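Quick notes on the structure that follows.
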Amino acid sequence: MHRAMTILALLAATGAFAQVVSPIEPDEHTLLLYRFEGDGGTIVDGGPLRLDGSVVAGEGEDQRAVDAPQRADGVCGQALTLASRQAIVPASTPDHLRGMDQLTVEVWFRSTNEDASHRQRIVLYWEHYLISIFEGGRLVGHLYDQDGTKYVLRGHQPIHPGRWYQAALTWDGERAKLWLNGREQATVRMSGTINAVPGSGLQVGAVGDDWFEGQIDELRISNVARTAFPAARQYDFCRPTETLAISPGTARMVFEPLVPESVTSVACSASLGDVAEGSDTIAAKMMEPYGGGLLLGSTEVVLDVPEGLTGERVCTARVTYEHDGETVTQEREFPMTIEPMVEPPPIEFRGAWTHSHRIEDPEDIFSRMAAAGLNAAVMRVRRGETAYYNSALGPISEVPFDNANLIEDCVAACKRHGIDLHCYVNNFPVGSPRSDYAQQLREEGRWQKNARGEDVPWLCPSHPANLDLVEAAMVELVRDYDIAGVQYDFIRYGGDDVCFCDRCRASFEERIGHPVESWPDDCLEDGPLHDVWLDHRADLITAAVRRTSAAVRAQDPGAVISAAVFAMPPEEAKRRVGQEWDLWCREGLLDALCPMSYTADNAAYEQTVSLILDAVGDYVPVYAGIGLRSGGGVMRYPEQLAAKINIARRLGTPGFNMFCITPTTDAPETVVIPLRETLLPGDGRPRQ
Ligand SMILES: [Zn+2]
């Protein structure tokens, strides 16, 4: 460690590298270590097995050695450049590299392939362990146990071309983990040993169709599960919370510097060109031990983005500390796009989904939503046969917190705070599949069946009693409670493999006027009846929407009927889950559409909301979904929400709905309220 730190200080003193990354040193667990220093055709292994490698190109008889592989600046000294269909292969792949009872594969990479649909193998030891970038720019790890069983770990952060990342795949005998830049991305349980069968040998990169293109640096394979990746954390010492900033607004840099434990304080500063800067100092006593004689600090620096500043900018982050009499400085630059704030429309639906079964204190949650500038709440109250309120329909009411008047109390709290309360229902899933009642429904043939004839815990949309329940549940809400509206949710199938029950079959055969010759094969993908089967399946769901919306309107003509729907091209939603939401809008079955557009990626978000607006046209207002705390990730900073609201407004949506603000969240205070002075003034209602 001492030698490594001396090198650090030297690099910093010469100013040759603004980036501080410690070189990897071989230890007793190291099996293979490629650092890519030196030149010539030999890739030198610094590990005990001396498995020097070479670069090869092409396949089979055309395979040839690359005599002078290209080198480039790496994260630590030099890196190796791999062109398409090139790979590094060691002289052999000995027993030591397989059959282990613990493992770490760690590697730095910078992809230069811009094709997001291209699959890239970074480390490829087929049916042992693999690190790859899959379609969509996600890191994926594969491990194979002694039986050849595959374990898959999927990263959740996007991998961008042109940037350095460190990936690591570890397994400690019980749990496999995938790491990106020293932070855990995914974990899965696995026991036994790594597959011991020799197989086709280790490659770095690939000569086949799934080639990696770019730079590789600091590759190590070890027979222990490492849990600390100091070089990765040193490199990744700062990140912006959001790369799309709104003017006026804020940009925020999160610092996590990793420094030697003798350091007494660390200065963190950030600047946006010469228009904004900020700084903070972390005292050593506020830092946590990281192991290996290092301390990890944490702070945030917020930059004010002034009004009128727009376009492509660079945010510079800098960490400075004194060590061994030298001043060490680390610096990184981050591209940032700044767009002008779109003024909020005078009337705007500002909503959040919430869940009745988690609401113990309606006054608390709805007063906090109002403080955040919201004017609508969309609260789940039922899943299939299971109600989370005092419902008269069916035997299963899981009344939360022993409050038989929960919805009444929520209505009263919402009225006090100027919030329109909409109630939503998960229409077709079975809510409590293991309950006696749900099992009775299954025996009565009310569950869906897949193509293999197995019961699936969703209510079949061709059973009259299920249609009665979907309708009665929505009608009960507008009849018994003083709410603004009702929303369909899970108004669809669970997938493309349902419903193949006898009743659905009979209704389909009635539609086509003859028996299906080969059931269900003719209806499946590539079957001759597949297209008309998809039409029929979607029509069953649409029929449920038709009769339910008519009944709700008959009961309460003023109630707003909305639907939470798949945020994708409508033809795809129809094919995948039988949800023809564009037809429902055109036919006037809905008053508003809430697409579940929860993606964190700004470009994908803009594309998705745009295509939904195009598909809906002027038929109904679209309240753009925003993933606050959803399957698409968790927003922790106001800048993340600001970017999504501004995009939605720029596209012309008359409102947004966030998933979700459910107790015991702190999202109103940490993410939404900081935007009150800029993006969320007032309450989105017309001035009296
Ligand atoms: Zn069915």
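Residue numbering restarts at 1 in every chain; chains get A, B, ... in the order shown in the structure tokens, and ligands count up from 1 in that same order.
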Mind listing the residues within 6 Å of ligand 1, only C-alpha atoms and all ligand atoms counted, as a ChimeraX atom specification?
/A:448,460,462,499-501,503-504
Those residues you just picked out, can you put them in a file as an mmCIF file, in the first residue's frame with N, CA and C atoms?
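So selection04.cif came out as:
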data_model
loop_
_atom_site.group_PDB
_atom_site.id
_atom_site.type_symbol
_atom_site.label_atom_id
_atom_site.label_comp_id
_atom_site.auth_asym_id
_atom_site.auth_seq_id
_atom_site.Cartn_x
_atom_site.Cartn_y
_atom_site.Cartn_z
ATOM 1 N N GLN A 448 -57.304 -17.302 -14.593
ATOM 2 C CA GLN A 448 -56.858 -17.510 -15.968
ATOM 3 C C GLN A 448 -56.056 -18.805 -16.058
ATOM 4 N N CYS A 460 -60.054 -14.244 -14.941
ATOM 5 C CA CYS A 460 -60.286 -14.392 -16.376
ATOM 6 C C CYS A 460 -61.355 -13.409 -16.848
ATOM 7 N N SER A 462 -63.286 -13.501 -19.327
ATOM 8 C CA SER A 462 -64.482 -14.003 -20.008
ATOM 9 C C SER A 462 -65.488 -14.571 -19.001
ATOM 10 N N CYS A 499 -55.377 -15.853 -21.846
ATOM 11 C CA CYS A 499 -55.999 -16.903 -21.068
ATOM 12 C C CYS A 499 -56.506 -17.982 -22.027
ATOM 13 N N PHE A 500 -56.131 -19.217 -21.755
ATOM 14 C CA PHE A 500 -56.481 -20.345 -22.623
ATOM 15 C C PHE A 500 -57.485 -21.277 -21.944
ATOM 16 N N CYS A 501 -58.347 -20.707 -21.087
ATOM 17 C CA CYS A 501 -59.344 -21.549 -20.414
ATOM 18 C C CYS A 501 -60.432 -21.983 -21.422
ATOM 19 N N ARG A 503 -63.553 -21.503 -21.455
ATOM 20 C CA ARG A 503 -64.544 -20.468 -21.756
ATOM 21 C C ARG A 503 -63.985 -19.476 -22.774
ATOM 22 N N CYS A 504 -62.703 -19.078 -22.564
ATOM 23 C CA CYS A 504 -62.068 -18.167 -23.527
ATOM 24 C C CYS A 504 -61.955 -18.852 -24.899
#
List the spatial neighbours of Gly351 (chain A) as a list in words - criterion: any atom at most 8 Å away, only C-alpha atoms, same-chain residues fewer than 5 positions off excluded.
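The filter keeps Leu374, Asn375, Ala376, Ala377, Val378, Gly655, Phe656, Asn657 and Met658 of chain A.
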Quick one: write out the picked residues with C-alpha atoms as a PDB file, in the first residue's frame?
ATOM      1  CA  LEU A 374     -49.631  18.700  -5.367  1.00  0.00           C
ATOM      2  CA  ASN A 375     -53.363  18.860  -6.055  1.00  0.00           C
ATOM      3  CA  ALA A 376     -54.268  15.212  -6.716  1.00  0.00           C
ATOM      4  CA  ALA A 377     -53.739  11.837  -5.064  1.00  0.00           C
ATOM      5  CA  VAL A 378     -54.437   8.506  -6.755  1.00  0.00           C
ATOM      6  CA  GLY A 655     -50.078  17.290 -15.765  1.00  0.00           C
ATOM      7  CA  PHE A 656     -47.966  14.570 -14.229  1.00  0.00           C
ATOM      8  CA  ASN A 657     -48.454  11.742 -11.763  1.00  0.00           C
ATOM      9  CA  MET A 658     -45.603  10.395  -9.666  1.00  0.00           C
TER      10      MET A 658
END
Across A:Asp209, A:Asp101, A:Glu339, A:Asp364, the smallest distance to Leu244 (chain A), with only C-alpha atoms counted, is shown by A:Glu339
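Across the structure, CA of Cys414 (chain A) and CA of Ser562 (chain A) are spaced 18.8 Å apart.
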From the list A:Asp361, A:Glu261, A:Asp145, A:Glu525, which residue is nearest Asp496 (chain A) when using only C-alpha atoms?
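Smallest distance to Asp496 (chain A) is found for A:Glu525.
CA of His160 (chain A) to CA of Gly249 (chain A) spans 25.7 Å [interatomic distance, one decimal].
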Near-Glu28 (chain A) list (12 Å; only C-alpha atoms; drop same-chain fewer than 6 positions) as an NGL selection string:
:A and (47-49 or 221-224)
